[in-house]
Amino acid sequence: MHKQTFVAGAMVLLSSASFAADSCGEITIADMNWNSASLMANIDKYILEEGYGCEIELIPGDTMPTGASMIEKGEPDVAPEMWSNAMRDALQKGVDDKRLRFAGNSLSDGGEEGFWVPKYLVEMDSSLATIEGVLKNPQLFKHPEDDSLGALYSCPAGWNCQISTNNLYVALGMEEAGFDIIDPGSSAGLSGAIARAYERGQGWLGYYWAPTAVLGKYEMVKVDFGSGIDEEHFTTCLTQEDCLEPRPSMWPPAPVKTMTTEDFAKREPAAYDYFTKRSFTNNKMNVLLAWMEYNQADGEIAAEYFLKNNEEMWTTWVSADVASKIKASLN
Amino acid sequence: MSDTSWLSKFPQLERGDLIAIRKTLDGAYREFSRNYGDTIESLFDPLLTFLIWFEKLLIASPWWLTIGVILAIVYGASRSWKLCTGVFASLIAIGVLGMWDDTMRTLSIITVCTLLSIGIGIPTGILMSRSNRVQAIVTPILDVMQTMPAFVYLIPVVMLLGIGKIPGVIAVIIYAVPPVIRLTNLGIRLVNKETLEAATAFGATAKQRLFGIQLPLAMPTIMAGINQTIMMALAMVVVASMIGVKGLGQPVLKSITNQYFTLGLFNGLAIVALAIIFDRVSQTYAKRTQKHLGGMNND
Amino acid sequence: MTDLNKASTEENETLIEISGLYQVFGNKAKSVLPMVKAGKSKDEVLAETGHTVGLRDINLDVKRGEIFVIMGLSGSGKSTMIRHFNRLIDPTEGQIKVEGEDIMKLTDDELIQFRRHKMSMVFQHFGLMPHRTVIDNVAYGLAIQNVDKTERLASASQWLETVGLAGYGDQYPAQLSGGQQQRVGLARALCTNAEILLMDEAFSALDPLIRSEMQDQLIELQAKLKKTIIFITHDLDEALRIGDRIAILKDGILSQVGKPVDILLSPADDYVEAFVKDVNRARALSTQTLMQNVNNTLESQSVESAINSLNASQQEYGFVCNNEGYQGVVTRSQLEQAAANDSNADICCDELLIKVPSVSPTQSLQSAIPEALGHNFALPVTCKDGKLVGTIPRSEIAQVLES
Ligand SMILES: Nc1ncnc2c1ncn2[C@@H]1O[C@H](COP(=O)(O)OP(=O)(O)OP(=O)(O)O)[C@@H](O)[C@H]1O
Ligand SMILES: [Mg+2]
């Protein structure tokens, strides 16, 4: 690692000597296994390669392993979409130890979490957009194993959100209302359950998050707890396993950040600067994800589509000079 | 055409065509699941009811009664006190370490999966052994079942049948049933030809040959297949828990995401203990019932 | 040879008749058949089409009550042939009739009934069921006929006793020696009481001693049971010893069918000749194979009527038998002398009888020769109870010994 830094450093020196200051070396970017992150990684790759002359390698990743590897091994250089709550303490420690940097918010609104119901249910009965309406109608949310209960699909086993879901289940009095928590086992199981209900026009209630391909594709409505957001209570109690007196609170927006290693930020200041600016609104991301889903496009194809059709957006992330280079390559 | 790029680059379908194909097939599947999902699901209702009942039975019965029944079965099958002691010790350890309920859940689903696999596998194996054509058709299907990554069919199954026990059972069976099919087929095909000819020559009907000669003589091989099937079913416990099957798999998943090594290890060991119990019991049972075969089997 | 007193009508009754039988192994057997019929050799057919010619234009008939031996070298098609009798193999072409009925036309059910009641089979490698006890093996044929359990076990233990295995009923086949296992196989075949017994190299897997013991047992049983036996062997000595008639197979073609003597004394072709060349005929042939029917038997009667009988059959001497069986020989000249004294005297009196020693039907010709010395009569053959079953003319003996 030290040796690598040395070599990289030497290269920066060398290149800055012989070329202009905008030259760029090799960068590794985590290509996470969900659509929005993969889209960002591919957009970053295109812009950095065409606009900055970097050499980009995409490395498959996932929140936990990539986060751990960046803290411990300094690799890969960039994680384009990091849901930092998932490993908040570890990441914060990485930043404090000067190993990591949060370059910017990849999703400017933050991630949206909550209990969701399909939109067609709300269209049928608008009260179902609120928790009171939901609690009155457990029969609408069929439990797979017990007809007398309603089902609340929780967050997959072992995820942080499982704790907050369980606490909210208690806080909202869902058990008394005749609901049972169902562990979907994995995110694939969870999205499969949504898809099944949606395709058949059935009721469904459960935890999910946005922006995601699933919520891009299936229109869902976030259930209003009528409590607003109590961020203080949420972080100190609802997210803790030993929360004794949980009170209802909506999820505060989850920080979704572009994270880089400290080493990268120092080595490639121009590229780092780009990452501080690159950001999407949830609305924009939902539209893009829906497009991806509809066209079954992968990150690479979607990145090209985005760059061709959303010039007004990405040109604000780079200098005019870089923008023109990219535009030229796109044609 | 002077374009020779196909020489250096594989002449693949146009991107648009590929996407069109994928979208059409996906759409067709969605359509199918929308139209027939409920019907298919209702076909599985009796099985689901049984699964729920069996799981409740195992969990609700007092632990000492459950252990007693298990030991009785173990002794009945193996006639070995040593084995009984081992089983007793592992069950006690599982209980003390707080994994009793999850173990009972896993035990219930594995038992049902094994019984279903045997129920599906042996008849299929028999059919295969009777016709080379059936064998030629079924063998590649079994290959696919064993090598296809589980998630490829898990999520479609979830779309069709929802989350939980039924898709779990289906996933486990898809993965675990091939050995029993293969070895039933093999066992029957390996039955000494002259012995079978003798039965035919004395006027045995096809049914008399099957139940009087082929199955009994193939039994050691079939038992090996059943044994493997159980092992593979247990190996699928964690995967099944990814679509919401409760049991020892869930804590394992939890420990993977959170790096709770000890939790993972305990639950993993509980799965291993179940595997060893199933394995030893079925093997000693097989050995005990096949004693008379001696060395005569392959003359 | 069952019926040692072969009535001439039964002797000629055909029980099984096979005509124009072809067997070609392979996927497109039918389409290869014309080639086989055109006379291409087994090797040529194999090289050109990958099909094996098993049997080619077999025509033969088996008479009721005989032991019909099929013999030939390994691969000559013996097993293939015997499996046609009960349709373990179906012919590519040809007819198989049993008691005049074409068994190719049997429905599945009829075929099963046919196998249960008409034929049973003993296998080269025993074909016992290792998971059943000896007694259950023997009772198997009855068990699949759904015969009541006590009844079938009673019958089975009786047969076990017959083959000398009383007390072994509860053992498993693996616990028995090869010879014992084959006896179980034999008992199993006999237990269904089927008329026809198929035996595919039944004794080949046994060592020479046990083998000849089994042969004796078979001959003995056959004398009692009078079945029709089709017996396969690749051993000429065995064939000669037990066969009433012998068929010789070569590469799926029938080379010769005939009595042991015919085979020995007039081989049809080089193949058969090579077979019989080194055989010690006197040792290989049993007396019964040379034996002919007696037409000059004299019962306990007066001298005068005895002379009349001899005149009628134009014989110079006669074999005297009474209720206790064969007694001796009387000659015409002696009878005529005696007639001068007392033409009503009984011929059984000791002065008249010449005590020509008799031989048993199963003993080899060689061992019978000493008995033929010292007189000039045909050699009388008697079975155990002393009954005269035939005689061997001296000319026959001479012919066997000289050529
Ligand atoms: N099922 C089969 N498929 C193909 N060829 C066969 C089959 N059964 C027998 N044959 C062939 O038919 C020929 C005769 O075989 P068969 O078993 O009848 O010989 P055999 O005279 O009984 O020999 P052995 O004394 O060795 O038992 C052999 O060439 C053999 O290869
Ligand atoms: Mg043979």
# chains A, B, ... in the order shown; residues from 1 in each chain; ligands from 1
>>> select_by_dssp(residues="range 224-380 of chain C", states="strand (DSSP E)", output="PyMOL selection string")
chain C and resi 228-233+245-250+253-258+297-298+317-322+325-331+379-380
>>> interface_residues(of="chain B", to="chain A", cutoff="10 Å", atoms="only C-alpha atoms", output="PyMOL selection string")
chain B and resi 15-16+18-20+22-23+30-31+33-38+45+48-49+51-52+151+154-166+238-246+249-260
>>> write_last_selection(atoms="C-alpha atoms", output="short mmCIF file (atom, residue, chain, number, x, y, z; two decimals), in the first residue's frame")
data_model
loop_
_atom_site.label_atom_id
_atom_site.label_comp_id
_atom_site.auth_asym_id
_atom_site.auth_seq_id
_atom_site.Cartn_x
_atom_site.Cartn_y
_atom_site.Cartn_z
CA ARG B 15 -28.46 -4.58 -28.21
CA GLY B 16 -32.04 -3.61 -28.97
CA LEU B 18 -31.46 -8.63 -26.96
CA ILE B 19 -33.38 -6.26 -24.75
CA ALA B 20 -36.54 -6.97 -26.70
CA ARG B 22 -35.49 -10.25 -22.44
CA LYS B 23 -38.42 -7.92 -22.07
CA ARG B 30 -45.27 -11.69 -15.35
CA GLU B 31 -48.40 -12.29 -17.38
CA SER B 33 -47.80 -15.28 -12.78
CA ARG B 34 -50.57 -12.67 -12.81
CA ASN B 35 -53.03 -15.05 -14.45
CA TYR B 36 -52.21 -18.35 -12.85
CA GLY B 37 -50.36 -17.39 -9.66
CA ASP B 38 -53.39 -17.68 -7.41
CA ASP B 45 -52.32 -24.82 0.21
CA LEU B 48 -48.53 -25.18 3.44
CA THR B 49 -51.12 -26.11 6.03
CA LEU B 51 -45.87 -27.43 7.03
CA ILE B 52 -47.30 -24.89 9.44
CA PHE B 151 -31.49 -17.24 -6.99
CA LEU B 154 -35.87 -18.39 -6.36
CA ILE B 155 -37.14 -14.95 -7.30
CA PRO B 156 -39.48 -16.18 -10.07
CA VAL B 157 -40.81 -18.70 -7.58
CA VAL B 158 -41.29 -15.92 -5.05
CA MET B 159 -43.19 -13.90 -7.65
CA LEU B 160 -45.42 -16.89 -8.24
CA LEU B 161 -45.92 -18.20 -4.74
CA GLY B 162 -44.87 -15.42 -2.44
CA ILE B 163 -42.31 -15.47 0.29
CA GLY B 164 -41.93 -18.16 2.92
CA LYS B 165 -42.20 -21.88 3.32
CA ILE B 166 -43.58 -23.02 -0.01
CA VAL B 238 -29.30 -20.75 4.50
CA VAL B 239 -30.34 -20.08 0.93
CA ALA B 240 -33.94 -20.86 1.79
CA SER B 241 -33.82 -18.41 4.64
CA MET B 242 -33.04 -15.71 2.08
CA ILE B 243 -36.63 -15.99 0.94
CA GLY B 244 -38.04 -15.89 4.39
CA VAL B 245 -37.88 -19.47 5.60
CA LYS B 246 -37.46 -19.34 9.35
CA GLY B 249 -30.51 -20.10 8.30
CA GLN B 250 -31.73 -16.70 9.46
CA PRO B 251 -29.24 -16.22 12.28
CA VAL B 252 -26.54 -17.34 9.88
CA LEU B 253 -27.61 -14.65 7.41
CA LYS B 254 -27.72 -12.09 10.19
CA SER B 255 -24.26 -13.03 11.28
CA ILE B 256 -22.97 -12.71 7.75
CA THR B 257 -24.24 -9.16 7.35
CA ASN B 258 -23.05 -8.08 10.77
CA GLN B 259 -19.94 -10.15 11.19
CA TYR B 260 -21.24 -11.84 14.34
#
>>> closest_atom_pairs(of="chain C", to="ligand 2", cutoff="7 Å", atoms="only C-alpha atoms and all ligand atoms", output="tab-separated table")
residue	atom	partner	partner_atom_place_in_ligand_line	distance
C:Ser74	CA	ligand 2	1 (Mg)	6.9
C:Lys78	CA	ligand 2	1 (Mg)	5.7
C:Ser79	CA	ligand 2	1 (Mg)	4.1
C:Asp200	CA	ligand 2	1 (Mg)	6.8
C:Glu201	CA	ligand 2	1 (Mg)	6.8
>>> closest_residue(among="C:Ser300, C:Ser204, C:Thr92, C:Thr391", to="ligand 1", atoms="only C-alpha atoms and all ligand atoms")
C:Ser204
>>> residues_near_ligand(ligand="ligand 1", cutoff="9 Å", atoms="only C-alpha atoms and all ligand atoms", output="PyMOL selection string")
chain C and resi 23-26+42+51-55+71-83+89+124+200-201+232-234+249-252
>>> closest_residue(among="C:Asp136, C:Glu161, C:Glu151, C:Glu351", to="chain B", atoms="only C-alpha atoms")
C:Asp136
>>> residues_around(residues="Gln327 in chain C", least_positions_apart="3", cutoff="9 Å", atoms="only C-alpha atoms", output="list in words")
Phe319, Val320, Cys321, Asn322, Glu324, Cys348, Leu353, Ile354, Lys355, Val356 and Gly386 of chain C
>>> residues_around(residues="Ser78 in chain B", least_positions_apart="3", cutoff="10 Å", atoms="only C-alpha atoms", output="list in words")
Ala72, Ile73, Val74, Tyr75, Trp81, Lys82, Leu83, Cys84, Arg280, Val281, Ser282, Gln283, Thr284, Tyr285, Ala286, Lys287, Arg288 and Thr289 of chain B
>>> interface_residues(of="chain C", to="chain B", cutoff="7 Å", atoms="only C-alpha atoms", output="ChimeraX atom specification")
/C:86,88,112-113,115-116,120-121,127-131,141,144,172,174
>>> write_last_selection(atoms="N, CA, C and O atoms", output="PDB file, in the first residue's frame")
ATOM      1  N   ASN C  86     -38.816 -69.101 -23.738  1.00  0.00           N
ATOM      2  CA  ASN C  86     -39.803 -68.453 -22.868  1.00  0.00           C
ATOM      3  C   ASN C  86     -39.876 -66.955 -23.141  1.00  0.00           C
ATOM      4  O   ASN C  86     -40.329 -66.182 -22.325  1.00  0.00           O
ATOM      5  N   LEU C  88     -37.713 -64.547 -23.216  1.00  0.00           N
ATOM      6  CA  LEU C  88     -36.923 -63.512 -22.556  1.00  0.00           C
ATOM      7  C   LEU C  88     -36.323 -62.620 -23.626  1.00  0.00           C
ATOM      8  O   LEU C  88     -35.999 -61.456 -23.394  1.00  0.00           O
ATOM      9  N   ILE C 112     -47.409 -64.287 -19.383  1.00  0.00           N
ATOM     10  CA  ILE C 112     -47.084 -64.454 -17.967  1.00  0.00           C
ATOM     11  C   ILE C 112     -47.596 -65.809 -17.466  1.00  0.00           C
ATOM     12  O   ILE C 112     -46.878 -66.550 -16.787  1.00  0.00           O
ATOM     13  N   GLN C 113     -48.820 -66.142 -17.841  1.00  0.00           N
ATOM     14  CA  GLN C 113     -49.357 -67.444 -17.435  1.00  0.00           C
ATOM     15  C   GLN C 113     -48.510 -68.581 -17.998  1.00  0.00           C
ATOM     16  O   GLN C 113     -48.234 -69.575 -17.327  1.00  0.00           O
ATOM     17  N   ARG C 115     -45.353 -68.526 -18.780  1.00  0.00           N
ATOM     18  CA  ARG C 115     -44.093 -68.646 -18.049  1.00  0.00           C
ATOM     19  C   ARG C 115     -44.310 -69.261 -16.673  1.00  0.00           C
ATOM     20  O   ARG C 115     -43.446 -69.960 -16.147  1.00  0.00           O
ATOM     21  N   ARG C 116     -45.450 -68.961 -16.080  1.00  0.00           N
ATOM     22  CA  ARG C 116     -45.685 -69.468 -14.726  1.00  0.00           C
ATOM     23  C   ARG C 116     -45.926 -70.970 -14.722  1.00  0.00           C
ATOM     24  O   ARG C 116     -45.524 -71.656 -13.795  1.00  0.00           O
ATOM     25  N   SER C 120     -39.994 -73.498 -16.743  1.00  0.00           N
ATOM     26  CA  SER C 120     -39.210 -72.823 -15.721  1.00  0.00           C
ATOM     27  C   SER C 120     -37.750 -72.909 -16.134  1.00  0.00           C
ATOM     28  O   SER C 120     -37.408 -73.645 -17.053  1.00  0.00           O
ATOM     29  N   MET C 121     -36.915 -72.171 -15.455  1.00  0.00           N
ATOM     30  CA  MET C 121     -35.558 -72.020 -15.971  1.00  0.00           C
ATOM     31  C   MET C 121     -34.520 -72.048 -14.850  1.00  0.00           C
ATOM     32  O   MET C 121     -34.752 -71.548 -13.754  1.00  0.00           O
ATOM     33  N   GLY C 127     -28.847 -66.890 -10.671  1.00  0.00           N
ATOM     34  CA  GLY C 127     -29.941 -65.920 -10.683  1.00  0.00           C
ATOM     35  C   GLY C 127     -30.806 -65.981  -9.453  1.00  0.00           C
ATOM     36  O   GLY C 127     -32.003 -65.735  -9.502  1.00  0.00           O
ATOM     37  N   LEU C 128     -30.195 -66.258  -8.308  1.00  0.00           N
ATOM     38  CA  LEU C 128     -30.985 -66.295  -7.074  1.00  0.00           C
ATOM     39  C   LEU C 128     -31.215 -64.880  -6.571  1.00  0.00           C
ATOM     40  O   LEU C 128     -30.509 -63.951  -6.940  1.00  0.00           O
ATOM     41  N   MET C 129     -32.213 -64.723  -5.713  1.00  0.00           N
ATOM     42  CA  MET C 129     -32.497 -63.406  -5.176  1.00  0.00           C
ATOM     43  C   MET C 129     -31.814 -63.278  -3.830  1.00  0.00           C
ATOM     44  O   MET C 129     -32.233 -63.879  -2.837  1.00  0.00           O
ATOM     45  N   PRO C 130     -30.759 -62.458  -3.782  1.00  0.00           N
ATOM     46  CA  PRO C 130     -29.917 -62.425  -2.589  1.00  0.00           C
ATOM     47  C   PRO C 130     -30.652 -61.941  -1.354  1.00  0.00           C
ATOM     48  O   PRO C 130     -30.217 -62.200  -0.239  1.00  0.00           O
ATOM     49  N   HIS C 131     -31.771 -61.218  -1.542  1.00  0.00           N
ATOM     50  CA  HIS C 131     -32.445 -60.661  -0.376  1.00  0.00           C
ATOM     51  C   HIS C 131     -33.532 -61.594   0.153  1.00  0.00           C
ATOM     52  O   HIS C 131     -34.248 -61.237   1.064  1.00  0.00           O
ATOM     53  N   GLY C 141     -41.495 -68.884  -7.480  1.00  0.00           N
ATOM     54  CA  GLY C 141     -42.419 -69.107  -8.589  1.00  0.00           C
ATOM     55  C   GLY C 141     -43.857 -69.225  -8.112  1.00  0.00           C
ATOM     56  O   GLY C 141     -44.775 -68.689  -8.736  1.00  0.00           O
ATOM     57  N   ILE C 144     -45.248 -65.651  -6.697  1.00  0.00           N
ATOM     58  CA  ILE C 144     -45.789 -64.683  -7.646  1.00  0.00           C
ATOM     59  C   ILE C 144     -47.073 -65.182  -8.283  1.00  0.00           C
ATOM     60  O   ILE C 144     -47.784 -64.444  -8.926  1.00  0.00           O
ATOM     61  N   TYR C 172     -29.410 -67.390   3.723  1.00  0.00           N
ATOM     62  CA  TYR C 172     -29.466 -66.566   2.524  1.00  0.00           C
ATOM     63  C   TYR C 172     -28.538 -67.184   1.482  1.00  0.00           C
ATOM     64  O   TYR C 172     -27.544 -67.841   1.831  1.00  0.00           O
ATOM     65  N   ALA C 174     -26.168 -66.140  -0.173  1.00  0.00           N
ATOM     66  CA  ALA C 174     -24.745 -65.830  -0.038  1.00  0.00           C
ATOM     67  C   ALA C 174     -24.047 -66.758   0.953  1.00  0.00           C
ATOM     68  O   ALA C 174     -22.829 -66.884   0.949  1.00  0.00           O
TER      69      ALA C 174
END
>>> residues_around(residues="Thr103 in chain B", least_positions_apart="2", cutoff="12 Å", atoms="only C-alpha atoms", output="MDAnalysis selection string")
chainID B and resid 55 58:59 63 66 90:101 105:111 234 237 246:251 266:275
>>> residues_around(residues="range 309-313 of chain C", least_positions_apart="3", cutoff="12 Å", atoms="only C-alpha atoms", output="PyMOL selection string")
chain C and resi 294-299+301-306+316-320+330-333+335-336
